[in-house]
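One file, my_file13.txt, is given below (compact mmCIF, N, CA and C atoms).
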```txt
# COMPACT_ATOMS: atom_id res chain seq x y z
N MET A 1 106.89 99.75 80.86
CA MET A 1 108.23 100.32 80.88
C MET A 1 108.41 101.13 82.15
N THR A 2 109.49 100.96 82.81
CA THR A 2 109.78 101.64 84.06
C THR A 2 110.30 103.04 83.78
N ASP A 3 109.80 104.01 84.52
CA ASP A 3 110.27 105.39 84.40
C ASP A 3 111.64 105.49 85.06
N PRO A 4 112.70 105.83 84.28
CA PRO A 4 114.05 105.86 84.87
C PRO A 4 114.21 106.95 85.92
N ARG A 5 113.34 107.95 85.92
CA ARG A 5 113.44 109.03 86.91
C ARG A 5 112.81 108.65 88.23
N LYS A 6 111.90 107.71 88.22
CA LYS A 6 111.22 107.32 89.46
C LYS A 6 112.11 106.35 90.23
N PRO A 7 112.47 106.71 91.46
CA PRO A 7 113.35 105.82 92.23
C PRO A 7 112.63 104.53 92.62
N ARG A 8 113.35 103.45 92.56
CA ARG A 8 112.82 102.16 92.99
C ARG A 8 112.99 102.05 94.49
N PRO A 9 112.02 101.47 95.16
CA PRO A 9 112.18 101.30 96.61
C PRO A 9 113.36 100.38 96.92
N ALA A 10 114.05 100.71 97.97
CA ALA A 10 115.14 99.85 98.44
C ALA A 10 114.53 98.57 99.02
N ALA A 11 115.26 97.51 98.93
CA ALA A 11 114.79 96.27 99.55
C ALA A 11 114.79 96.45 101.06
N LEU A 12 113.71 96.02 101.68
CA LEU A 12 113.64 96.09 103.14
C LEU A 12 114.26 94.83 103.71
N LEU A 13 115.33 94.99 104.39
CA LEU A 13 116.01 93.88 105.02
C LEU A 13 115.93 94.09 106.52
N PHE A 14 115.75 93.02 107.24
CA PHE A 14 115.69 93.13 108.69
C PHE A 14 117.07 93.47 109.23
N GLU A 15 117.07 94.34 110.21
CA GLU A 15 118.32 94.69 110.85
C GLU A 15 118.75 93.53 111.74
N PRO A 16 120.04 93.33 111.89
CA PRO A 16 120.50 92.30 112.83
C PRO A 16 119.96 92.60 114.22
N ALA A 17 119.69 91.58 114.98
CA ALA A 17 119.06 91.73 116.29
C ALA A 17 119.83 92.68 117.20
N GLU A 18 121.15 92.60 117.18
CA GLU A 18 121.93 93.47 118.07
C GLU A 18 121.80 94.94 117.66
N VAL A 19 121.63 95.20 116.37
CA VAL A 19 121.45 96.57 115.90
C VAL A 19 120.03 97.04 116.21
N ALA A 20 119.04 96.20 115.96
CA ALA A 20 117.66 96.56 116.19
C ALA A 20 117.38 96.80 117.67
N ALA A 21 118.16 96.18 118.54
CA ALA A 21 117.96 96.35 119.98
C ALA A 21 118.39 97.73 120.45
N ASP A 22 119.21 98.42 119.68
CA ASP A 22 119.69 99.76 120.04
C ASP A 22 118.74 100.79 119.44
N PRO A 23 117.93 101.46 120.27
CA PRO A 23 116.93 102.40 119.75
C PRO A 23 117.53 103.61 119.04
N GLU A 24 118.81 103.85 119.22
CA GLU A 24 119.48 104.98 118.56
C GLU A 24 119.85 104.66 117.11
N ARG A 25 119.78 103.38 116.75
CA ARG A 25 120.18 102.98 115.41
C ARG A 25 118.95 102.69 114.57
N PHE A 26 119.02 103.10 113.31
CA PHE A 26 117.92 102.84 112.39
C PHE A 26 118.50 102.64 111.00
N PHE A 27 118.65 101.38 110.62
CA PHE A 27 119.18 101.01 109.30
C PHE A 27 120.48 101.74 108.99
N ASP A 28 121.28 101.98 110.01
CA ASP A 28 122.59 102.63 109.89
C ASP A 28 122.53 104.06 109.34
N LEU A 29 121.36 104.68 109.36
CA LEU A 29 121.26 106.07 108.87
C LEU A 29 122.11 107.01 109.72
N GLU A 30 122.18 106.74 111.01
CA GLU A 30 122.94 107.61 111.90
C GLU A 30 124.43 107.58 111.59
N ALA A 31 124.88 106.58 110.87
CA ALA A 31 126.30 106.45 110.54
C ALA A 31 126.67 107.19 109.24
N ILE A 32 125.67 107.65 108.51
CA ILE A 32 125.93 108.35 107.24
C ILE A 32 126.17 109.82 107.54
N GLU A 33 127.36 110.28 107.20
CA GLU A 33 127.73 111.66 107.51
C GLU A 33 127.43 112.63 106.38
N ASP A 34 127.51 112.17 105.14
CA ASP A 34 127.25 113.04 103.99
C ASP A 34 125.74 113.26 103.88
N PRO A 35 125.28 114.52 103.98
CA PRO A 35 123.85 114.77 103.93
C PRO A 35 123.20 114.34 102.61
N ARG A 36 123.95 114.40 101.51
CA ARG A 36 123.39 113.94 100.23
C ARG A 36 123.14 112.43 100.28
N ALA A 37 124.10 111.69 100.77
CA ALA A 37 123.96 110.24 100.89
C ALA A 37 122.87 109.89 101.90
N LEU A 38 122.80 110.66 102.98
CA LEU A 38 121.76 110.43 103.98
C LEU A 38 120.38 110.65 103.39
N LEU A 39 120.22 111.74 102.63
CA LEU A 39 118.93 112.00 102.00
C LEU A 39 118.58 110.90 101.02
N ASP A 40 119.55 110.46 100.22
CA ASP A 40 119.30 109.39 99.25
C ASP A 40 118.86 108.10 99.94
N ARG A 41 119.59 107.70 100.97
CA ARG A 41 119.28 106.44 101.66
C ARG A 41 117.97 106.54 102.43
N ALA A 42 117.74 107.67 103.09
CA ALA A 42 116.49 107.84 103.83
C ALA A 42 115.30 107.85 102.87
N THR A 43 115.47 108.43 101.69
CA THR A 43 114.41 108.43 100.69
C THR A 43 114.15 107.01 100.19
N GLU A 44 115.21 106.25 99.95
CA GLU A 44 115.04 104.85 99.55
C GLU A 44 114.25 104.08 100.59
N LEU A 45 114.61 104.28 101.84
CA LEU A 45 113.90 103.56 102.91
C LEU A 45 112.44 104.01 103.01
N ALA A 46 112.19 105.30 102.89
CA ALA A 46 110.82 105.79 102.96
C ALA A 46 109.97 105.18 101.85
N LEU A 47 110.52 105.13 100.64
CA LEU A 47 109.79 104.51 99.53
C LEU A 47 109.57 103.02 99.78
N ALA A 48 110.56 102.36 100.33
CA ALA A 48 110.43 100.93 100.60
C ALA A 48 109.36 100.67 101.66
N PHE A 49 109.34 101.51 102.70
CA PHE A 49 108.32 101.33 103.73
C PHE A 49 106.92 101.61 103.19
N ARG A 50 106.80 102.62 102.33
CA ARG A 50 105.49 102.89 101.73
C ARG A 50 105.03 101.72 100.88
N ALA A 51 105.95 101.19 100.06
CA ALA A 51 105.60 100.05 99.21
C ALA A 51 105.24 98.84 100.07
N ALA A 52 105.98 98.61 101.15
CA ALA A 52 105.68 97.49 102.04
C ALA A 52 104.33 97.68 102.71
N THR A 53 104.02 98.91 103.11
CA THR A 53 102.73 99.19 103.74
C THR A 53 101.59 98.92 102.77
N ASP A 54 101.72 99.42 101.56
CA ASP A 54 100.67 99.20 100.55
C ASP A 54 100.44 97.72 100.31
N ARG A 55 101.52 96.99 100.21
CA ARG A 55 101.40 95.56 99.94
C ARG A 55 100.79 94.82 101.13
N ALA A 56 101.20 95.19 102.33
CA ALA A 56 100.64 94.54 103.53
C ALA A 56 99.15 94.83 103.65
N VAL A 57 98.72 96.05 103.34
CA VAL A 57 97.30 96.39 103.41
C VAL A 57 96.51 95.56 102.40
N GLU A 58 97.07 95.35 101.21
CA GLU A 58 96.39 94.51 100.24
C GLU A 58 96.23 93.08 100.76
N TYR A 59 97.26 92.57 101.41
CA TYR A 59 97.15 91.22 101.99
C TYR A 59 96.13 91.19 103.13
N GLN A 60 96.08 92.25 103.92
CA GLN A 60 95.06 92.33 104.97
C GLN A 60 93.66 92.26 104.34
N ALA A 61 93.47 93.02 103.28
CA ALA A 61 92.17 93.06 102.62
C ALA A 61 91.81 91.71 102.03
N LEU A 62 92.76 91.05 101.39
CA LEU A 62 92.49 89.72 100.85
C LEU A 62 92.12 88.74 101.96
N ALA A 63 92.84 88.79 103.06
CA ALA A 63 92.54 87.89 104.18
C ALA A 63 91.16 88.20 104.76
N ALA A 64 90.84 89.47 104.91
CA ALA A 64 89.52 89.85 105.45
C ALA A 64 88.41 89.35 104.53
N ALA A 65 88.60 89.49 103.22
CA ALA A 65 87.59 88.99 102.28
C ALA A 65 87.44 87.49 102.36
N GLN A 66 88.55 86.79 102.50
CA GLN A 66 88.49 85.33 102.62
C GLN A 66 87.79 84.92 103.91
N LEU A 67 88.11 85.60 104.99
CA LEU A 67 87.49 85.25 106.28
C LEU A 67 86.00 85.55 106.29
N ALA A 68 85.56 86.53 105.51
CA ALA A 68 84.14 86.91 105.46
C ALA A 68 83.37 86.18 104.37
N ASP A 69 84.04 85.34 103.61
CA ASP A 69 83.40 84.65 102.49
C ASP A 69 82.22 83.81 102.99
N PRO A 70 81.02 84.08 102.48
CA PRO A 70 79.84 83.34 102.94
C PRO A 70 79.89 81.84 102.64
N ARG A 71 80.78 81.42 101.75
CA ARG A 71 80.90 79.98 101.44
C ARG A 71 81.70 79.23 102.49
N ARG A 72 82.37 79.97 103.38
CA ARG A 72 83.16 79.33 104.45
C ARG A 72 82.23 78.92 105.59
N PHE A 73 82.38 77.72 106.07
CA PHE A 73 81.57 77.30 107.21
C PHE A 73 82.00 78.02 108.48
N ASP A 74 83.23 78.47 108.51
CA ASP A 74 83.76 79.16 109.70
C ASP A 74 83.96 80.65 109.45
N ARG A 75 83.15 81.20 108.55
CA ARG A 75 83.35 82.62 108.20
C ARG A 75 83.16 83.51 109.42
N LEU A 76 83.80 84.67 109.34
CA LEU A 76 83.69 85.65 110.41
C LEU A 76 82.84 86.82 109.97
N THR A 77 82.20 87.45 110.91
CA THR A 77 81.43 88.66 110.62
C THR A 77 82.40 89.83 110.51
N PRO A 78 81.96 90.93 109.90
CA PRO A 78 82.82 92.12 109.88
C PRO A 78 83.22 92.57 111.29
N GLY A 79 82.33 92.41 112.25
CA GLY A 79 82.66 92.75 113.63
C GLY A 79 83.77 91.88 114.20
N ASP A 80 83.70 90.58 113.90
CA ASP A 80 84.75 89.66 114.35
C ASP A 80 86.10 90.01 113.72
N ILE A 81 86.06 90.31 112.43
CA ILE A 81 87.30 90.67 111.72
C ILE A 81 87.85 91.97 112.28
N ALA A 82 86.97 92.93 112.52
CA ALA A 82 87.40 94.22 113.08
C ALA A 82 88.08 94.02 114.42
N GLU A 83 87.49 93.22 115.26
CA GLU A 83 88.07 92.97 116.58
C GLU A 83 89.44 92.30 116.46
N ARG A 84 89.52 91.35 115.57
CA ARG A 84 90.78 90.61 115.40
C ARG A 84 91.90 91.51 114.87
N ALA A 85 91.55 92.44 113.97
CA ALA A 85 92.56 93.29 113.33
C ALA A 85 92.75 94.63 114.03
N GLY A 86 91.91 94.94 115.01
CA GLY A 86 92.02 96.23 115.68
C GLY A 86 91.44 97.36 114.86
N TRP A 87 90.42 97.07 114.06
CA TRP A 87 89.77 98.05 113.21
C TRP A 87 88.39 98.37 113.76
N THR A 88 87.75 99.39 113.17
CA THR A 88 86.32 99.59 113.42
C THR A 88 85.56 98.64 112.49
N GLU A 89 84.32 98.41 112.80
CA GLU A 89 83.53 97.52 111.96
C GLU A 89 83.33 98.12 110.57
N ASP A 90 83.14 99.44 110.49
CA ASP A 90 82.99 100.08 109.18
C ASP A 90 84.25 99.91 108.33
N TYR A 91 85.40 100.06 108.96
CA TYR A 91 86.66 99.88 108.23
C TYR A 91 86.80 98.43 107.78
N ALA A 92 86.41 97.49 108.62
CA ALA A 92 86.48 96.08 108.25
C ALA A 92 85.60 95.82 107.02
N LYS A 93 84.43 96.40 106.98
CA LYS A 93 83.54 96.22 105.81
C LYS A 93 84.20 96.76 104.55
N LYS A 94 84.85 97.91 104.67
CA LYS A 94 85.54 98.50 103.51
C LYS A 94 86.71 97.62 103.07
N MET A 95 87.43 97.08 104.05
CA MET A 95 88.57 96.21 103.71
C MET A 95 88.08 94.91 103.07
N ILE A 96 86.96 94.38 103.52
CA ILE A 96 86.39 93.16 102.92
C ILE A 96 86.04 93.43 101.46
N GLU A 97 85.40 94.55 101.19
CA GLU A 97 85.05 94.89 99.81
C GLU A 97 86.30 95.12 98.96
N PHE A 98 87.28 95.80 99.53
CA PHE A 98 88.54 96.03 98.83
C PHE A 98 89.19 94.69 98.50
N GLY A 99 89.21 93.80 99.46
CA GLY A 99 89.79 92.47 99.24
C GLY A 99 89.05 91.68 98.19
N ARG A 100 87.73 91.79 98.18
CA ARG A 100 86.95 91.09 97.15
C ARG A 100 87.30 91.64 95.77
N GLY A 101 87.47 92.95 95.67
CA GLY A 101 87.87 93.54 94.40
C GLY A 101 89.25 93.06 93.96
N LEU A 102 90.18 93.00 94.91
CA LEU A 102 91.52 92.49 94.59
C LEU A 102 91.45 91.04 94.12
N ALA A 103 90.63 90.23 94.79
CA ALA A 103 90.50 88.82 94.41
C ALA A 103 89.90 88.69 93.02
N ARG A 104 88.91 89.52 92.71
CA ARG A 104 88.32 89.49 91.36
C ARG A 104 89.38 89.86 90.32
N ASP A 105 90.18 90.87 90.62
CA ASP A 105 91.23 91.30 89.70
C ASP A 105 92.26 90.19 89.50
N GLU A 106 92.59 89.46 90.58
CA GLU A 106 93.53 88.33 90.47
C GLU A 106 92.96 87.23 89.60
N ASP A 107 91.65 86.97 89.75
CA ASP A 107 91.02 85.91 88.98
C ASP A 107 91.00 86.24 87.48
N ARG A 108 90.93 87.52 87.15
CA ARG A 108 90.91 87.94 85.74
C ARG A 108 92.29 87.87 85.12
N SER A 109 93.33 87.86 85.93
CA SER A 109 94.71 87.85 85.39
C SER A 109 95.09 86.51 84.86
```
What does the file become when written as structure tokens?
Amino acid sequence: MTDPRKPRPAALLFEPAEVAADPERFFDLEAIEDPRALLDRATELALAFRAATDRAVEYQALAAAQLADPRRFDRLTPGDIAERAGWTEDYAKKMIEFGRGLARDEDRS
């Protein structure tokens, strides 16, 4: 059951190219004059970005685990994965383990 008090993240939609090209514009927040409406919309966007970040990190972890799978003939080492993703090798190892845990959880579902 969803908690009615907890705000749902706003859908993240890409800004039109002409809007995104203007560094002064950000999801039309600058056009909102009412501070209450601005706070509401900015909060929606912040929640959406957090949710998108969490989800993207989970996909990174799943991909890292798949790339490091010893059953793959073309598997990558944690160092190779770290280099590819711009991580440290220690972080890559943690992400591989996290991804393996996520994959196990998916298999149980």
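Distances here use only C-alpha atoms; by that measure, the residue among A:Ile81, A:Leu38, A:Ile32, A:Val57 closest to Phe98 in chain A is A:Val57.
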Inset, instruction - For CA of Leu102 in chain A and CA of Leu47 in chain A, quote the distance in Å rounded to one decimal. - result: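 These atoms are spaced 22.4 Å apart.
The coordinates place CA of Tyr59 in chain A at 12.5 Å from atom N of Arg104 in chain A.
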Inset, instruction - To one decimal in Å, tell me the separation between CA of Glu58 in chain A and CA of Thr43 in chain A. - result: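 Distance between the two atoms: 22.8 Å.
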Inset, instruction - Taking the DSSP assignment computed from this structure's backbone, write out as an NGL selection string all residues of range 7-105 of chain A that belong to alpha helix (DSSP H). - result: :A and (17-20 or 35-67 or 78-85 or 89-105)
Rebuild N, CA, C and O atoms on range 34-51 of chain A, as a PDB file, in the coordinates of the input?
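Done, and the output landed in part07.pdb:
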```pdb
ATOM      1  N   ASP A  34     127.510 112.170 105.140  1.00  0.00           N
ATOM      2  CA  ASP A  34     127.250 113.040 103.990  1.00  0.00           C
ATOM      3  C   ASP A  34     125.740 113.260 103.880  1.00  0.00           C
ATOM      4  O   ASP A  34     124.982 112.310 103.708  1.00  0.00           O
ATOM      5  N   PRO A  35     125.280 114.520 103.980  1.00  0.00           N
ATOM      6  CA  PRO A  35     123.850 114.770 103.930  1.00  0.00           C
ATOM      7  C   PRO A  35     123.200 114.340 102.610  1.00  0.00           C
ATOM      8  O   PRO A  35     122.037 113.929 102.605  1.00  0.00           O
ATOM      9  N   ARG A  36     123.950 114.400 101.510  1.00  0.00           N
ATOM     10  CA  ARG A  36     123.390 113.940 100.230  1.00  0.00           C
ATOM     11  C   ARG A  36     123.140 112.430 100.280  1.00  0.00           C
ATOM     12  O   ARG A  36     122.092 111.945  99.865  1.00  0.00           O
ATOM     13  N   ALA A  37     124.100 111.690 100.770  1.00  0.00           N
ATOM     14  CA  ALA A  37     123.960 110.240 100.890  1.00  0.00           C
ATOM     15  C   ALA A  37     122.870 109.890 101.900  1.00  0.00           C
ATOM     16  O   ALA A  37     122.093 108.951 101.680  1.00  0.00           O
ATOM     17  N   LEU A  38     122.800 110.660 102.980  1.00  0.00           N
ATOM     18  CA  LEU A  38     121.760 110.430 103.980  1.00  0.00           C
ATOM     19  C   LEU A  38     120.380 110.650 103.390  1.00  0.00           C
ATOM     20  O   LEU A  38     119.468 109.837 103.582  1.00  0.00           O
ATOM     21  N   LEU A  39     120.220 111.740 102.630  1.00  0.00           N
ATOM     22  CA  LEU A  39     118.930 112.000 102.000  1.00  0.00           C
ATOM     23  C   LEU A  39     118.580 110.900 101.020  1.00  0.00           C
ATOM     24  O   LEU A  39     117.436 110.410 101.001  1.00  0.00           O
ATOM     25  N   ASP A  40     119.550 110.460 100.220  1.00  0.00           N
ATOM     26  CA  ASP A  40     119.300 109.390  99.250  1.00  0.00           C
ATOM     27  C   ASP A  40     118.860 108.100  99.940  1.00  0.00           C
ATOM     28  O   ASP A  40     117.869 107.472  99.562  1.00  0.00           O
ATOM     29  N   ARG A  41     119.590 107.700 100.970  1.00  0.00           N
ATOM     30  CA  ARG A  41     119.280 106.440 101.660  1.00  0.00           C
ATOM     31  C   ARG A  41     117.970 106.540 102.430  1.00  0.00           C
ATOM     32  O   ARG A  41     117.164 105.606 102.419  1.00  0.00           O
ATOM     33  N   ALA A  42     117.740 107.670 103.090  1.00  0.00           N
ATOM     34  CA  ALA A  42     116.490 107.840 103.830  1.00  0.00           C
ATOM     35  C   ALA A  42     115.300 107.850 102.870  1.00  0.00           C
ATOM     36  O   ALA A  42     114.241 107.284 103.185  1.00  0.00           O
ATOM     37  N   THR A  43     115.470 108.430 101.690  1.00  0.00           N
ATOM     38  CA  THR A  43     114.410 108.430 100.690  1.00  0.00           C
ATOM     39  C   THR A  43     114.150 107.010 100.190  1.00  0.00           C
ATOM     40  O   THR A  43     112.995 106.602 100.044  1.00  0.00           O
ATOM     41  N   GLU A  44     115.210 106.250  99.950  1.00  0.00           N
ATOM     42  CA  GLU A  44     115.040 104.850  99.550  1.00  0.00           C
ATOM     43  C   GLU A  44     114.250 104.080 100.590  1.00  0.00           C
ATOM     44  O   GLU A  44     113.337 103.318 100.246  1.00  0.00           O
ATOM     45  N   LEU A  45     114.610 104.280 101.840  1.00  0.00           N
ATOM     46  CA  LEU A  45     113.900 103.560 102.910  1.00  0.00           C
ATOM     47  C   LEU A  45     112.440 104.010 103.010  1.00  0.00           C
ATOM     48  O   LEU A  45     111.546 103.179 103.196  1.00  0.00           O
ATOM     49  N   ALA A  46     112.190 105.300 102.890  1.00  0.00           N
ATOM     50  CA  ALA A  46     110.820 105.790 102.960  1.00  0.00           C
ATOM     51  C   ALA A  46     109.970 105.180 101.850  1.00  0.00           C
ATOM     52  O   ALA A  46     108.831 104.744 102.086  1.00  0.00           O
ATOM     53  N   LEU A  47     110.520 105.130 100.640  1.00  0.00           N
ATOM     54  CA  LEU A  47     109.790 104.510  99.530  1.00  0.00           C
ATOM     55  C   LEU A  47     109.570 103.020  99.780  1.00  0.00           C
ATOM     56  O   LEU A  47     108.498 102.486  99.479  1.00  0.00           O
ATOM     57  N   ALA A  48     110.560 102.360 100.330  1.00  0.00           N
ATOM     58  CA  ALA A  48     110.430 100.930 100.600  1.00  0.00           C
ATOM     59  C   ALA A  48     109.360 100.670 101.660  1.00  0.00           C
ATOM     60  O   ALA A  48     108.553  99.743 101.523  1.00  0.00           O
ATOM     61  N   PHE A  49     109.340 101.510 102.700  1.00  0.00           N
ATOM     62  CA  PHE A  49     108.320 101.330 103.730  1.00  0.00           C
ATOM     63  C   PHE A  49     106.920 101.610 103.190  1.00  0.00           C
ATOM     64  O   PHE A  49     105.963 100.912 103.534  1.00  0.00           O
ATOM     65  N   ARG A  50     106.800 102.620 102.330  1.00  0.00           N
ATOM     66  CA  ARG A  50     105.490 102.890 101.730  1.00  0.00           C
ATOM     67  C   ARG A  50     105.030 101.720 100.880  1.00  0.00           C
ATOM     68  O   ARG A  50     103.872 101.302 100.937  1.00  0.00           O
ATOM     69  N   ALA A  51     105.950 101.190 100.060  1.00  0.00           N
ATOM     70  CA  ALA A  51     105.600 100.050  99.210  1.00  0.00           C
ATOM     71  C   ALA A  51     105.240  98.840 100.070  1.00  0.00           C
ATOM     72  O   ALA A  51     104.273  98.119  99.764  1.00  0.00           O
TER      73      ALA A  51
END
```
